[in-house]
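As structure tokens, the structure follows; a few thoughts come after it.
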Amino acid sequence: MKKKAGIGKVFLYVILVVYAVITLIPFLWALSSSFKTLEEIVSGTIHFIPKHFTLDNYKQIFIEQKMFPRWLFNSVIIAVTVTLLNLLFNSMAGYALARLQFPGKKPLFIIILAVLMIPVQVTMIPNYLILKQLGWLNSYQGMIVPTMINATFIFMMRQFFINFPKELEEAAALDGLSRLGIFFRIVLPLARPALAAQAIFVFMGSWNDFMRPLIILSDPQLFTLPLGLNSFKGQYISYWNYIMAASMVFTLPVLVIYAFFNRYFIKGISFTGSK
Amino acid sequence: MKRAFSKKEWREAGAGYLLLSPTLFVLLLFIIGPIVFAIFLAFHKVQLLGTTTFQFVGIDNFQRMLEDTRAKIALWNTVKYVIIVVPCQTMLALVLAATLNAGLKGQKFFRIVYFLPTLTSSTVLTLIFMWMYNQNGLINHFLKAIGLPTYNWLGDPDIALNAIMVMNIWSTAPFFMVIYLAALQEVPDSLYEAAELDGANALQKFWYVTVPYLRPVTSFVVIMGLIGTFQLFDQSYIFSSGSGGPNNSTLTVVLLIYQYAFKTLGTMGYAAALAFALAIIILVATLLQRKFSKEESLY
């Protein structure tokens, strides 16, 4: 019996290790390619440790490629702004739907839930025409304003605030704080775990988005990194060393955020699963 | 029951609308407004030259779908993709979650590693895979080393879509794995103990206890998978530089919508009609899945 359990365990470990290798290889291969010379890249030999380790690819994309830092900057500005606005606005909406009484609350909540079901492709074309009419194509606001709220996270914040202890708010109300005062000074600071989970997903969604910038941004000055990387691919066909270096730079910020917020991340996904 | 609002209630309602105002603004201007606008577009021919003009064409845009060979190819590619990717990624996610949940050492390490693809943008993943799929790239070298045939992954119309499938199963399974992991924490130990008393081995416990218990989660994972795979765009776009090639083999419905809306002139209304068709296909697939999984649970 014991021996059998031992074999079972070895088998499970084999599955875990094999899949870990399958997961890691593409990343290690990309990382290794980003430190290789072009000669080694085109020679088609398979070495995970570069023969001539070089930082030139990184230098090239940051110094020679004037656009790359600019794209990085655009991506940061857009993703950070979208994240901050989402945190604020989704919490505000979630709180109002959870705690306040006002005419039209129920239909509004149902509409927000219904919006979750509509595929983006349906609204994408009219959105383009509306942004065009507003003169917001090729602008930061065209990227930011339509994505500054998110129905999934409004719903998540509502669930969070419904389970939030009422006593605290009642005590604050006795102290003479207004409804808005209670929300901004008492409730929001205590909602940090829910905000952290939300922040990661909204940031990643905005940072990694490809289709929206592809439609809205045509001026290379305003490209975000995914678009930039894609145009890079066209420009540097077979310069895979540059493309991989740029890909690594692009991936790093998300990994750093993940390292810090790992806990909340799992919580956020579990929430998505339980809704 | 009708009664006058007290001052306090008015104030509360005011605070409610104030807190909701950014949401209402975006909802009206960029979601609800556009849905109504999209219905309008689907029945019009749209010209973007100079000033935008709309010409009513009735149901022409919908009739056109029936005669459009590229639409048929795109739909067929997408359906093929959904039918293969959804079951594969769901099974892989479940197996990985169950393995991770077996209480082995180093679980945390493996979880972090498995999670990397979920964190990485589709653009970067696609570029990394294109590099690996190169004629003279890592994957072909590996296949040669173990004595298997090599492929022209990017250039062969019979293979290109499969290349995207492999990549996407690899990159989305970990996300669903986390959903399964959370659900696995809730399987009552007593069920396993009862199975053990009946003499079930580990595999039988997985098959007769874990899998049935997780059925509602599986249903959710499959629906999320359906919605995600029907909307495949980024990967095909980057793979084919937006063309859907080679020979339309990576053309998906969303890529086709994109091309008609933004790349060819005068077909924006048709693209809007296609987008509605896609929304309906996704809805029907979701409903079918629900019905199917409900019937299954009767037994």
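Identifiers in this document derive from the order of the structure tokens: chains are assigned A, B, ..., residues are numbered from 1 separately in each chain, and ligands are numbered from 1 in order of occurrence.
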
Counting only C-alpha atoms, chain A residues within 6 Å of chain B, as a PyMOL selection string: chain A and resi 44+92-93+96+100+102+121-123+126+146+208+226+247+270+273

Alpha helix (DSSP H) positions in stretch 173-208 of chain A, given as a JSON list (two decimals) with N, CA and C atoms, in the first residue's frame:
[["chain", "number", "residue", "atom", "x", "y", "z"],
["A", 173, "ALA", "N", -21.47, 57.87, 10.47],
["A", 173, "ALA", "CA", -22.60, 58.76, 10.22],
["A", 173, "ALA", "C", -22.96, 59.52, 11.49],
["A", 174, "LEU", "N", -22.88, 58.82, 12.63],
["A", 174, "LEU", "CA", -23.15, 59.49, 13.91],
["A", 174, "LEU", "C", -22.15, 60.61, 14.17],
["A", 179, "ARG", "N", -22.64, 60.95, 3.37],
["A", 179, "ARG", "CA", -22.53, 59.69, 2.63],
["A", 179, "ARG", "C", -21.23, 59.61, 1.84],
["A", 180, "LEU", "N", -20.93, 60.69, 1.12],
["A", 180, "LEU", "CA", -19.70, 60.70, 0.30],
["A", 180, "LEU", "C", -18.47, 60.66, 1.19],
["A", 181, "GLY", "N", -18.56, 61.39, 2.34],
["A", 181, "GLY", "CA", -17.44, 61.39, 3.28],
["A", 181, "GLY", "C", -17.18, 59.99, 3.80],
["A", 188, "LEU", "N", -13.54, 53.23, 1.41],
["A", 188, "LEU", "CA", -12.54, 52.99, 0.38],
["A", 188, "LEU", "C", -11.19, 52.50, 0.94],
["A", 189, "PRO", "N", -10.68, 53.15, 2.02],
["A", 189, "PRO", "CA", -9.40, 52.66, 2.54],
["A", 189, "PRO", "C", -9.48, 51.22, 3.06],
["A", 190, "LEU", "N", -10.67, 50.81, 3.51],
["A", 190, "LEU", "CA", -10.79, 49.45, 4.04],
["A", 190, "LEU", "C", -11.01, 48.41, 2.94],
["A", 192, "ARG", "N", -9.09, 47.78, 0.54],
["A", 192, "ARG", "CA", -7.81, 47.56, -0.13],
["A", 192, "ARG", "C", -7.64, 46.17, -0.79],
["A", 193, "PRO", "N", -8.00, 45.06, -0.11],
["A", 193, "PRO", "CA", -7.78, 43.75, -0.76],
["A", 193, "PRO", "C", -8.55, 43.63, -2.06],
["A", 194, "ALA", "N", -9.81, 44.08, -2.07],
["A", 194, "ALA", "CA", -10.60, 44.00, -3.30],
["A", 194, "ALA", "C", -10.00, 44.92, -4.36],
["A", 195, "LEU", "N", -9.51, 46.07, -3.94],
["A", 195, "LEU", "CA", -8.92, 47.00, -4.90],
["A", 195, "LEU", "C", -7.65, 46.42, -5.51],
["A", 196, "ALA", "N", -6.87, 45.73, -4.69],
["A", 196, "ALA", "CA", -5.61, 45.16, -5.20],
["A", 196, "ALA", "C", -5.89, 44.12, -6.27],
["A", 197, "ALA", "N", -6.87, 43.24, -6.00],
["A", 197, "ALA", "CA", -7.20, 42.21, -6.99],
["A", 197, "ALA", "C", -7.64, 42.86, -8.29],
["A", 198, "GLN", "N", -8.48, 43.89, -8.14],
["A", 198, "GLN", "CA", -8.98, 44.59, -9.32],
["A", 198, "GLN", "C", -7.86, 45.28, -10.09],
["A", 199, "ALA", "N", -6.96, 45.91, -9.33],
["A", 199, "ALA", "CA", -5.88, 46.69, -9.95],
["A", 199, "ALA", "C", -5.06, 45.80, -10.89],
["A", 200, "ILE", "N", -4.72, 44.59, -10.42],
["A", 200, "ILE", "CA", -3.88, 43.72, -11.24],
["A", 200, "ILE", "C", -4.57, 43.39, -12.55],
["A", 201, "PHE", "N", -5.86, 43.02, -12.47],
["A", 201, "PHE", "CA", -6.54, 42.60, -13.69],
["A", 201, "PHE", "C", -6.77, 43.76, -14.65],
["A", 202, "VAL", "N", -7.12, 44.91, -14.10],
["A", 202, "VAL", "CA", -7.36, 46.05, -14.98],
["A", 202, "VAL", "C", -6.04, 46.48, -15.63],
["A", 203, "PHE", "N", -4.98, 46.52, -14.83],
["A", 203, "PHE", "CA", -3.68, 46.92, -15.39],
["A", 203, "PHE", "C", -3.27, 45.96, -16.49],
["A", 204, "MET", "N", -3.35, 44.66, -16.20],
["A", 204, "MET", "CA", -2.94, 43.68, -17.21],
["A", 204, "MET", "C", -3.79, 43.77, -18.46],
["A", 205, "GLY", "N", -5.09, 43.94, -18.27],
["A", 205, "GLY", "CA", -5.98, 44.04, -19.42],
["A", 205, "GLY", "C", -5.60, 45.21, -20.30],
["A", 206, "SER", "N", -5.32, 46.35, -19.69],
["A", 206, "SER", "CA", -4.99, 47.53, -20.46],
["A", 206, "SER", "C", -3.59, 47.42, -21.06],
["A", 207, "TRP", "N", -2.66, 46.95, -20.27],
["A", 207, "TRP", "CA", -1.26, 46.83, -20.69],
["A", 207, "TRP", "C", -1.13, 45.88, -21.89],
["A", 208, "ASN", "N", -1.89, 44.78, -21.86],
["A", 208, "ASN", "CA", -1.75, 43.75, -22.88],
["A", 208, "ASN", "C", -2.71, 43.90, -24.05]]

Atom-to-atom span, atom CA of B:Val222 and atom CA of B:Pro87, Å: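 Atom CA of B:Pro87 lies at a distance of 7.7 Å from atom CA of B:Val222.
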
Point-to-point distance from atom CA of A:Ile215 to atom CA of A:Val120, Å rounded to tenths: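 Atom CA of A:Ile215 sits 12.5 Å away from atom CA of A:Val120.
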
Nearest candidate to A:Leu87 (options A:Ile154, A:Ile61, A:Ile7, A:Leu177; using only C-alpha atoms):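 Closest to A:Leu87 of all the choices is A:Ile154.
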
Spatial neighbours of A:Ile149, 7 Å, only C-alpha atoms, chain gap at least 5 places, as a PyMOL selection string: (chain A and resi 86+89-90) or (chain B and resi 23)

Residues from last step as file, N, CA and C atoms, as a PDB file, in the first residue's frame:
ATOM      1  N   ASN A  86     -10.388  53.153 -12.964  1.00  0.00           N
ATOM      2  CA  ASN A  86     -11.228  51.990 -12.715  1.00  0.00           C
ATOM      3  C   ASN A  86     -11.406  51.739 -11.227  1.00  0.00           C
ATOM      4  N   PHE A  89     -13.794  54.578  -9.964  1.00  0.00           N
ATOM      5  CA  PHE A  89     -15.158  54.596 -10.499  1.00  0.00           C
ATOM      6  C   PHE A  89     -15.913  53.289 -10.236  1.00  0.00           C
ATOM      7  N   ASN A  90     -15.216  52.154 -10.372  1.00  0.00           N
ATOM      8  CA  ASN A  90     -15.901  50.881 -10.107  1.00  0.00           C
ATOM      9  C   ASN A  90     -16.305  50.778  -8.642  1.00  0.00           C
TER      10      ASN A  90
ATOM     11  N   THR B  23     -19.856  55.958 -14.295  1.00  0.00           N
ATOM     12  CA  THR B  23     -20.309  54.699 -14.891  1.00  0.00           C
ATOM     13  C   THR B  23     -21.418  54.950 -15.895  1.00  0.00           C
TER      14      THR B  23
END
